[in-house]
Amino acid sequence: MKKLLMTGVAFATLAGATFTTAPVALAEDTMFVPSLSYRTGPFASGGTPLANGFADYFNMLNARDGGIGGVKIVVEECETGYNAQKGVECYESTKGKGALVYNPYSTGITLQLIPKAPVDKIPVLSMGYGLSAAAIGEKFPWTFTYPTSYWSQLSSILKYIDANGGLKGKKVGFIYLDVGYGKEPIPLLEQLAKDQGFEVAKFPVGVKEMQNQGSQWLNVRKERPDYMIMWGWGAMNATAVKEAAKIKYPLDQFIGNWWAGAHADLRSVGEAGKGYKAANFSGVGTDFPALQDVIKHVVDKGGSQVASKDLVGDVLYNRGLFNSVLIAEGIRAAQEKTGKKVITGADLRDGFELFDLSEARLKELGLEGFTAPIKGSCKDHEGAGSVFIQQWDGKDWVKISDPIAPDTAVVRPLLEAAAEKYLSDKPEWKTQTCS
Amino acid sequence: MFYREVGQFKTNYTADSQVFPILQDKVGIIAMLVIAYVIIPMAGNDFFITTVMIPFLVFTLATIGLNILVGYTGQLSLGTGAFMGVGAYSCYKLTTFFPDVNIIILVLLSGFFAAGVGIIFGLPSLRIKGFYLAVTTLAAQFFLEWAFIRIPWLYNYNDSGAIEVPQREGFGVILTGAAAQPVTRYLVVLSIVLVMTWIASNIIRGRIGRSWMMIRDMDIAAELMGVRPLYAKLSAFAVSSFYCGVAGAMFVFFWLGAAEVESFDINHSFLFLFMAIIGGLGSLIGCYMGAAFIWILPIIIRALPEALGLDVNAATVEHINFMMIGGMIIFFLIVEPHGLARLWQIAKEKLRTWPFPYS
């Protein structure tokens with residue numbers, strides 16, 4: 001009996017705990033930015049540096065400048081494990097705390113948050129992932145894909161190939177993770193193949209066979225594509241590069257997208273991966289004053305979760321940091337526009353359409369040459385940012401190209417068509433008109 | 001003392017064979033219904049309703065579906081996730097074709113598609129048993145997952161490959177989509193789950209349910225006594241898949257809002273099997289308990305450090321969570337291998353004689 005009572009009491013305490021987590025009113029002088037991170041699960045190797053860079057930049061701003069416009073930023077992590085259900089749980093549990101913006105870091109979670117954003121008045125910043133069509137600002141007022149979308153990126157990569165060997169009459173192999181993320185750019189690839197006269201061979205890699213790509217690369221050997229493009233993530237990337245090296249595929253003709261070119265992927269491949277290329281839009285290394293400040297104010301003082309100081313400046317760390325830079329710029333623009341110190345999600349949405357990350361501004365921020373300039377706009381929610389190509393030299397990534405602008409003329413109409421299609425079965429969807 | 005039925009006389013057969021013959025049970029059920037229908041919609045915040053209650057109810061229904069197959073008919077299945085997917089994708093297609101039909105009707109209709117697929121994959125059960133049957137249901141899981149990716153017609157050729165829930169109205173209110181109020185969605189899910197639980201309990205108490213249990217306990221004896229295994233097993237597969245299908249449709253339409261194939265993967269099949277086993281095989285109340293244990297407990301553990309004012313990393317909490325849930329599953333299965341439902345039954349028996357136990 002006693003045991004039963006004890007269990008009962010224990011359960012009651014636990015049940016009580018759920019009710020006490022009701023939204024807590026924040027103090028006047030902070031702004032809340034949730035971080036949907038994944039430090040656990042199959043994609044933790046990518047999620048951990050992203051979450052570190054994301055948090056460290058805001059913590060640096062808090063320590064160095066006392067926040068943004070005198071208001072400190074509170075970053076709170078919620079663990080999603082790259083799982084869409086947990087992502088929604090995180091969203092529901094943090095939105096009541098006055099969340100300014102969501103950065104889902106997963107296309108699956110992004111798709112679920114896109115329809116929620118206009119209802120809850122919290123913008124979604126899916127930085128270089130998620131739904132490409134969200135780049136059309138008139139159709140998706142609450143979703144942003146700065147600095148560029150998957151489709152624009154693909155056009156940049158194809159441009160790079162065209163400039164370094166030509167595309168016409170060639171065969172391009174496309175190896176991709178067989179989920180929504182990997183399939184996203186296929187419509188554009190097929191369209192461009194028609195327009196520019198090259199052939200496409202597709203090699204899907206299932207999530208379960210990420211680390212066992214023998215059969216796909218056997219097909220690559222049969223098909224003999226002139227170039228390979230990869231849309232991979234997590235364990236898939238390292239395996240693909242290893243397999244490519246094994247069949248002696250020329251690695252300098254193998255280009256990954258910006259999620260397939262991180263230190264975490266290539267460190268385990270090492271020398272064998274020499275020559276492999278990948279797209280990127282956030283600078284590599286720590287040779288930027290802003291990153292030095294992060295090291296000085298956060299990492300050296302033990303305020304960061306990075307396992308070692310060497311990991312600061314990794315591709316994905318800088319990616320997460322760049323995400324924070326965009327949010328910080330959006331917040332600044334919103335503060336300027338509204339004159340308020342503490343802004344809301346709706347204000348930040350306006351801020352995302354107003355900020356101007358020019359060369360001069362990047363220099364001011366201590367990020368000269370970190371990325372190509374981006375300007376927020378009402379019409380264009382992807383910013384048409386450029387990507388550069390980096391190459392693995394066996395030990396580290398080296399930037400080998402200038403920023404390559406996307407082929408907006410080709411991509412934009414396709415994006416508009418895709419946006420139309422997305423909205424076609426949603427008569428209640430609210431669009432906006434841009435002056 | 002609390003559970004004594006002294007003085008409650010039954011004077012006819014109907015009264016004697018009620019689902020809840022004891023007054024205390026009736027009071028308890030009414031109290032729970034009041035909590036579920038009045039107090040939670042009024043007092044619960046959005047987070048509690050959308051993240052705790054709706055998925056809990058949906059998972060309960062899926063577990064009931066699985067329990068019909070595993071607990072009552074004794075046919076081990078690993079295809080629950082895929083059967084839920086059939087329900088979700090067919091509901092999505094149905095609402096594409098008939099956008100003006102009340103979505104609740106479509107959710108229930110989509111159960112029939114799942115039932116049809118369930119019957120097809122249940123056919124091997126007539127020849128194979130036990131673990132071998134589990135392998136054929138595993139085949140169903142893999143085949144259907146493949147179909148959800150490879151047949152773009154199923155997701156209306158969306159570039160993302162995901163099904164996205166459109167806004168649908170019924171009875172003059174918005175029922176699905178992001179604009180639907182959490183309370184509305186909760187009440188719809190609650191009503192469907194309760195009605196379907198009631199139907200399940202009646203099927204199980206009746207002729208069909210008894211034939212399932214006979215097949216479970218000894219199929220040869222059941223056959224000799226006139227139960228036709230073909231009908232018994234296939235009806236179990238059909239009813240089970242129907243429940244899973246409806247659960248799958250509600251899973252996407254009333255909770256997630258958008259789903260890729262990963263929402264119906266093998267891990268979910270295992271999850272529901274765990275819920276059924278921990279709750280108690282062959283028990284409907286066990287389905288509720290199992291779903292609550294597996295779904296609500298981790299949320300509580302996740303919220304605990306913050307509620308206590310401790311500053312712990314999100315990832316650390318997640319690791320602790322995995323360990324605690326794993327440990328508790330083992331603990332409960334050692335203490336009571338027949339699941340939480342059996343534990344509740346023991347508690348009731350103890351309460352009957354408390355505070356003066358005579359044995």
# chains A, B, ... in the order shown; residues from 1 in each chain; ligands from 1
>>> select_by_dssp(residues="segment 244-319 of chain A", states="strand (DSSP E or B)", output="ChimeraX atom specification")
/A:254-256,277-280
>>> interface_residues(of="chain B", to="chain A", cutoff="9 Å", atoms="only C-alpha atoms", output="PDB file with C-alpha atoms, in the first residue's frame")
ATOM      1  CA  GLY B  44      -5.220  24.068 -20.424  1.00  0.00           C
ATOM      2  CA  ASN B  45      -2.907  26.382 -22.355  1.00  0.00           C
ATOM      3  CA  ASP B  46      -2.099  25.856 -26.030  1.00  0.00           C
ATOM      4  CA  PHE B  47       1.061  23.964 -25.261  1.00  0.00           C
ATOM      5  CA  PHE B  48      -0.693  21.498 -22.983  1.00  0.00           C
ATOM      6  CA  THR B  50      -1.461  20.674 -28.692  1.00  0.00           C
ATOM      7  CA  THR B  51       1.674  19.007 -27.440  1.00  0.00           C
ATOM      8  CA  VAL B  52       0.398  16.808 -24.647  1.00  0.00           C
ATOM      9  CA  THR B  96      -8.068  16.955 -52.389  1.00  0.00           C
ATOM     10  CA  ILE B 149       8.114   8.142 -51.431  1.00  0.00           C
ATOM     11  CA  ASN B 158       4.505  18.475 -54.184  1.00  0.00           C
ATOM     12  CA  ASP B 159       8.116  19.498 -54.628  1.00  0.00           C
ATOM     13  CA  SER B 160       8.755  18.853 -50.966  1.00  0.00           C
ATOM     14  CA  GLY B 161       7.391  15.316 -51.085  1.00  0.00           C
ATOM     15  CA  ALA B 162       5.347  16.045 -47.979  1.00  0.00           C
ATOM     16  CA  GLU B 164       0.531  19.536 -46.259  1.00  0.00           C
ATOM     17  CA  PRO B 166      -5.093  22.354 -46.170  1.00  0.00           C
ATOM     18  CA  GLN B 167      -7.531  24.448 -44.186  1.00  0.00           C
ATOM     19  CA  GLY B 177      -4.830  23.892 -40.868  1.00  0.00           C
ATOM     20  CA  ALA B 178      -2.785  26.355 -38.895  1.00  0.00           C
ATOM     21  CA  ALA B 179      -5.760  28.653 -38.264  1.00  0.00           C
ATOM     22  CA  LEU B 256       1.345  17.708 -37.247  1.00  0.00           C
ATOM     23  CA  GLY B 257      -0.085  19.790 -40.078  1.00  0.00           C
ATOM     24  CA  ALA B 258       2.446  18.407 -42.558  1.00  0.00           C
ATOM     25  CA  ALA B 259       4.099  15.039 -42.749  1.00  0.00           C
ATOM     26  CA  GLU B 260       6.853  13.344 -44.663  1.00  0.00           C
ATOM     27  CA  VAL B 261       7.291   9.627 -44.871  1.00  0.00           C
ATOM     28  CA  GLU B 262       9.495   9.699 -41.763  1.00  0.00           C
ATOM     29  CA  SER B 263       6.384  10.277 -39.654  1.00  0.00           C
ATOM     30  CA  LEU B 297       6.371  11.218 -19.293  1.00  0.00           C
ATOM     31  CA  ILE B 299       7.580  15.816 -21.834  1.00  0.00           C
ATOM     32  CA  ILE B 300       7.362  16.045 -18.056  1.00  0.00           C
ATOM     33  CA  ILE B 301      10.981  15.028 -17.654  1.00  0.00           C
ATOM     34  CA  ALA B 303      10.089  20.341 -18.399  1.00  0.00           C
ATOM     35  CA  LEU B 304      11.316  19.301 -14.968  1.00  0.00           C
ATOM     36  CA  GLU B 306      13.184  24.373 -15.806  1.00  0.00           C
ATOM     37  CA  ALA B 307      10.287  24.007 -13.393  1.00  0.00           C
ATOM     38  CA  LEU B 308      12.774  23.350 -10.601  1.00  0.00           C
ATOM     39  CA  ASN B 313      21.516  22.019 -21.391  1.00  0.00           C
ATOM     40  CA  ALA B 314      18.694  20.940 -23.673  1.00  0.00           C
ATOM     41  CA  ALA B 315      20.835  18.136 -25.063  1.00  0.00           C
ATOM     42  CA  THR B 316      21.762  16.879 -21.595  1.00  0.00           C
ATOM     43  CA  VAL B 317      18.101  16.772 -20.627  1.00  0.00           C
ATOM     44  CA  GLU B 318      17.427  14.739 -23.749  1.00  0.00           C
ATOM     45  CA  HIS B 319      20.156  12.248 -22.859  1.00  0.00           C
ATOM     46  CA  ALA B 347      -4.551  -1.321  -7.081  1.00  0.00           C
ATOM     47  CA  LYS B 350      -6.226  -3.490  -2.803  1.00  0.00           C
ATOM     48  CA  LEU B 351      -8.433  -0.442  -2.512  1.00  0.00           C
ATOM     49  CA  TRP B 354      -8.196  -1.136   2.380  1.00  0.00           C
TER      50      TRP B 354
END
>>> residues_around(residues="Ala139 of chain B", least_positions_apart="4", cutoff="10 Å", atoms="only C-alpha atoms", output="number ranges by chain")
B: 78-79, 121, 133-135, 143-145
>>> write_last_selection(atoms="all heavy atoms", output="PDB file, in the first residue's frame")
ATOM      1  N   LEU B  78       4.314  -5.401 -36.985  1.00  0.00           N
ATOM      2  CA  LEU B  78       5.293  -4.304 -36.941  1.00  0.00           C
ATOM      3  C   LEU B  78       4.971  -3.269 -38.008  1.00  0.00           C
ATOM      4  O   LEU B  78       5.814  -2.501 -38.418  1.00  0.00           O
ATOM      5  CB  LEU B  78       6.705  -4.849 -37.165  1.00  0.00           C
ATOM      6  CG  LEU B  78       7.285  -5.695 -36.043  1.00  0.00           C
ATOM      7  CD1 LEU B  78       8.635  -6.249 -36.456  1.00  0.00           C
ATOM      8  CD2 LEU B  78       7.436  -4.880 -34.787  1.00  0.00           C
ATOM      9  N   GLY B  79       3.721  -3.269 -38.467  1.00  0.00           N
ATOM     10  CA  GLY B  79       3.393  -2.372 -39.575  1.00  0.00           C
ATOM     11  C   GLY B  79       2.488  -1.221 -39.190  1.00  0.00           C
ATOM     12  O   GLY B  79       1.951  -0.542 -40.058  1.00  0.00           O
ATOM     13  N   PHE B 121      -2.330  -7.304 -46.349  1.00  0.00           N
ATOM     14  CA  PHE B 121      -1.097  -7.725 -45.681  1.00  0.00           C
ATOM     15  C   PHE B 121      -1.384  -8.694 -44.537  1.00  0.00           C
ATOM     16  O   PHE B 121      -0.468  -9.256 -43.954  1.00  0.00           O
ATOM     17  CB  PHE B 121      -0.308  -6.509 -45.191  1.00  0.00           C
ATOM     18  CG  PHE B 121       0.408  -5.808 -46.293  1.00  0.00           C
ATOM     19  CD1 PHE B 121      -0.091  -4.645 -46.844  1.00  0.00           C
ATOM     20  CD2 PHE B 121       1.572  -6.350 -46.821  1.00  0.00           C
ATOM     21  CE1 PHE B 121       0.557  -4.015 -47.881  1.00  0.00           C
ATOM     22  CE2 PHE B 121       2.231  -5.725 -47.858  1.00  0.00           C
ATOM     23  CZ  PHE B 121       1.717  -4.553 -48.398  1.00  0.00           C
ATOM     24  N   LEU B 133       5.232 -14.037 -38.826  1.00  0.00           N
ATOM     25  CA  LEU B 133       4.211 -13.082 -39.242  1.00  0.00           C
ATOM     26  C   LEU B 133       4.733 -11.657 -39.059  1.00  0.00           C
ATOM     27  O   LEU B 133       4.498 -10.784 -39.891  1.00  0.00           O
ATOM     28  CB  LEU B 133       2.932 -13.287 -38.433  1.00  0.00           C
ATOM     29  CG  LEU B 133       1.801 -12.343 -38.799  1.00  0.00           C
ATOM     30  CD1 LEU B 133       1.337 -12.585 -40.221  1.00  0.00           C
ATOM     31  CD2 LEU B 133       0.642 -12.493 -37.850  1.00  0.00           C
ATOM     32  N   ALA B 134       5.458 -11.458 -37.952  1.00  0.00           N
ATOM     33  CA  ALA B 134       6.032 -10.133 -37.700  1.00  0.00           C
ATOM     34  C   ALA B 134       6.888  -9.711 -38.887  1.00  0.00           C
ATOM     35  O   ALA B 134       6.889  -8.546 -39.289  1.00  0.00           O
ATOM     36  CB  ALA B 134       6.848 -10.140 -36.423  1.00  0.00           C
ATOM     37  N   VAL B 135       7.597 -10.683 -39.478  1.00  0.00           N
ATOM     38  CA  VAL B 135       8.462 -10.341 -40.612  1.00  0.00           C
ATOM     39  C   VAL B 135       7.622  -9.924 -41.814  1.00  0.00           C
ATOM     40  O   VAL B 135       7.962  -8.984 -42.530  1.00  0.00           O
ATOM     41  CB  VAL B 135       9.392 -11.518 -40.948  1.00  0.00           C
ATOM     42  CG1 VAL B 135      10.190 -11.226 -42.204  1.00  0.00           C
ATOM     43  CG2 VAL B 135      10.334 -11.779 -39.786  1.00  0.00           C
ATOM     44  N   PHE B 143       7.311  -1.813 -47.724  1.00  0.00           N
ATOM     45  CA  PHE B 143       6.680  -1.580 -49.017  1.00  0.00           C
ATOM     46  C   PHE B 143       5.905  -0.264 -48.997  1.00  0.00           C
ATOM     47  O   PHE B 143       6.020   0.548 -49.918  1.00  0.00           O
ATOM     48  CB  PHE B 143       5.742  -2.733 -49.369  1.00  0.00           C
ATOM     49  CG  PHE B 143       4.899  -2.416 -50.570  1.00  0.00           C
ATOM     50  CD1 PHE B 143       5.457  -2.451 -51.839  1.00  0.00           C
ATOM     51  CD2 PHE B 143       3.573  -2.033 -50.436  1.00  0.00           C
ATOM     52  CE1 PHE B 143       4.700  -2.114 -52.943  1.00  0.00           C
ATOM     53  CE2 PHE B 143       2.815  -1.702 -51.549  1.00  0.00           C
ATOM     54  CZ  PHE B 143       3.379  -1.743 -52.804  1.00  0.00           C
ATOM     55  N   LEU B 144       5.123  -0.051 -47.926  1.00  0.00           N
ATOM     56  CA  LEU B 144       4.295   1.154 -47.904  1.00  0.00           C
ATOM     57  C   LEU B 144       5.160   2.401 -47.800  1.00  0.00           C
ATOM     58  O   LEU B 144       4.888   3.408 -48.454  1.00  0.00           O
ATOM     59  CB  LEU B 144       3.296   1.072 -46.743  1.00  0.00           C
ATOM     60  CG  LEU B 144       2.193   0.027 -46.973  1.00  0.00           C
ATOM     61  CD1 LEU B 144       1.398  -0.198 -45.706  1.00  0.00           C
ATOM     62  CD2 LEU B 144       1.275   0.466 -48.097  1.00  0.00           C
ATOM     63  N   GLU B 145       6.227   2.343 -47.013  1.00  0.00           N
ATOM     64  CA  GLU B 145       7.142   3.489 -46.934  1.00  0.00           C
ATOM     65  C   GLU B 145       7.684   3.816 -48.318  1.00  0.00           C
ATOM     66  O   GLU B 145       7.745   4.970 -48.724  1.00  0.00           O
ATOM     67  CB  GLU B 145       8.313   3.163 -45.998  1.00  0.00           C
ATOM     68  CG  GLU B 145       8.163   3.724 -44.608  1.00  0.00           C
ATOM     69  CD  GLU B 145       9.412   3.488 -43.785  1.00  0.00           C
ATOM     70  OE1 GLU B 145      10.497   3.945 -44.180  1.00  0.00           O
ATOM     71  OE2 GLU B 145       9.305   2.808 -42.736  1.00  0.00           O
TER      72      GLU B 145
END
>>> select_by_dssp(residues="segment 128-260 of chain A", states="helix (DSSP H, G or I)", output="MDAnalysis selection string")
chainID A and resid 132:135 150:163 180:183 186:196 207:209 214:223 235:246 251:253
>>> atom_distance(atom1="atom CA of Asp300 of chain A", atom2="atom CA of Arg64 of chain A")
13.4 Å
>>> residues_around(residues="Val284 of chain A", least_positions_apart="5", cutoff="9 Å", atoms="only C-alpha atoms", output="MDAnalysis selection string")
chainID A and resid 313:315 318 370 397:399
>>> closest_residue(among="B:Gly71, B:Gly118, B:Gly245, B:Gly279", to="Gly85 of chain B", atoms="only C-alpha atoms")
B:Gly245
>>> closest_residue(among="A:Ser324, A:Ser435, A:Phe352, A:Arg267", to="Lys337 of chain A", atoms="only C-alpha atoms")
A:Phe352
>>> closest_residue(among="B:Met196, B:Ile49, B:Ile294, B:Leu190", to="Phe322 of chain B", atoms="only C-alpha atoms")
B:Ile294
>>> atom_distance(atom1="atom CA of Phe112 of chain B", atom2="atom CA of Val183 of chain B")
27.1 Å
>>> atom_distance(atom1="atom CA of His297 of chain A", atom2="atom CA of Glu359 of chain A")
24.7 Å
>>> residues_around(residues="Asp347 of chain A", least_positions_apart="2", cutoff="10 Å", atoms="only C-alpha atoms", output="PyMOL selection string")
chain A and resi 100+121-123+330-331+333-335+337-338+340+342-345+349-352
>>> closest_residue(among="A:Met210, A:Gly320, A:Glu364, A:Gln196", to="Gly166 of chain A", atoms="only C-alpha atoms")
A:Gln196
>>> closest_residue(among="A:Leu357, A:Leu266, A:Leu154, A:Ala163", to="Leu188 of chain A", atoms="only C-alpha atoms")
A:Leu154
>>> closest_residue(among="B:Val6, B:Arg150, B:Phe270, B:Ala36", to="Pro204 of chain A", atoms="only C-alpha atoms")
B:Arg150
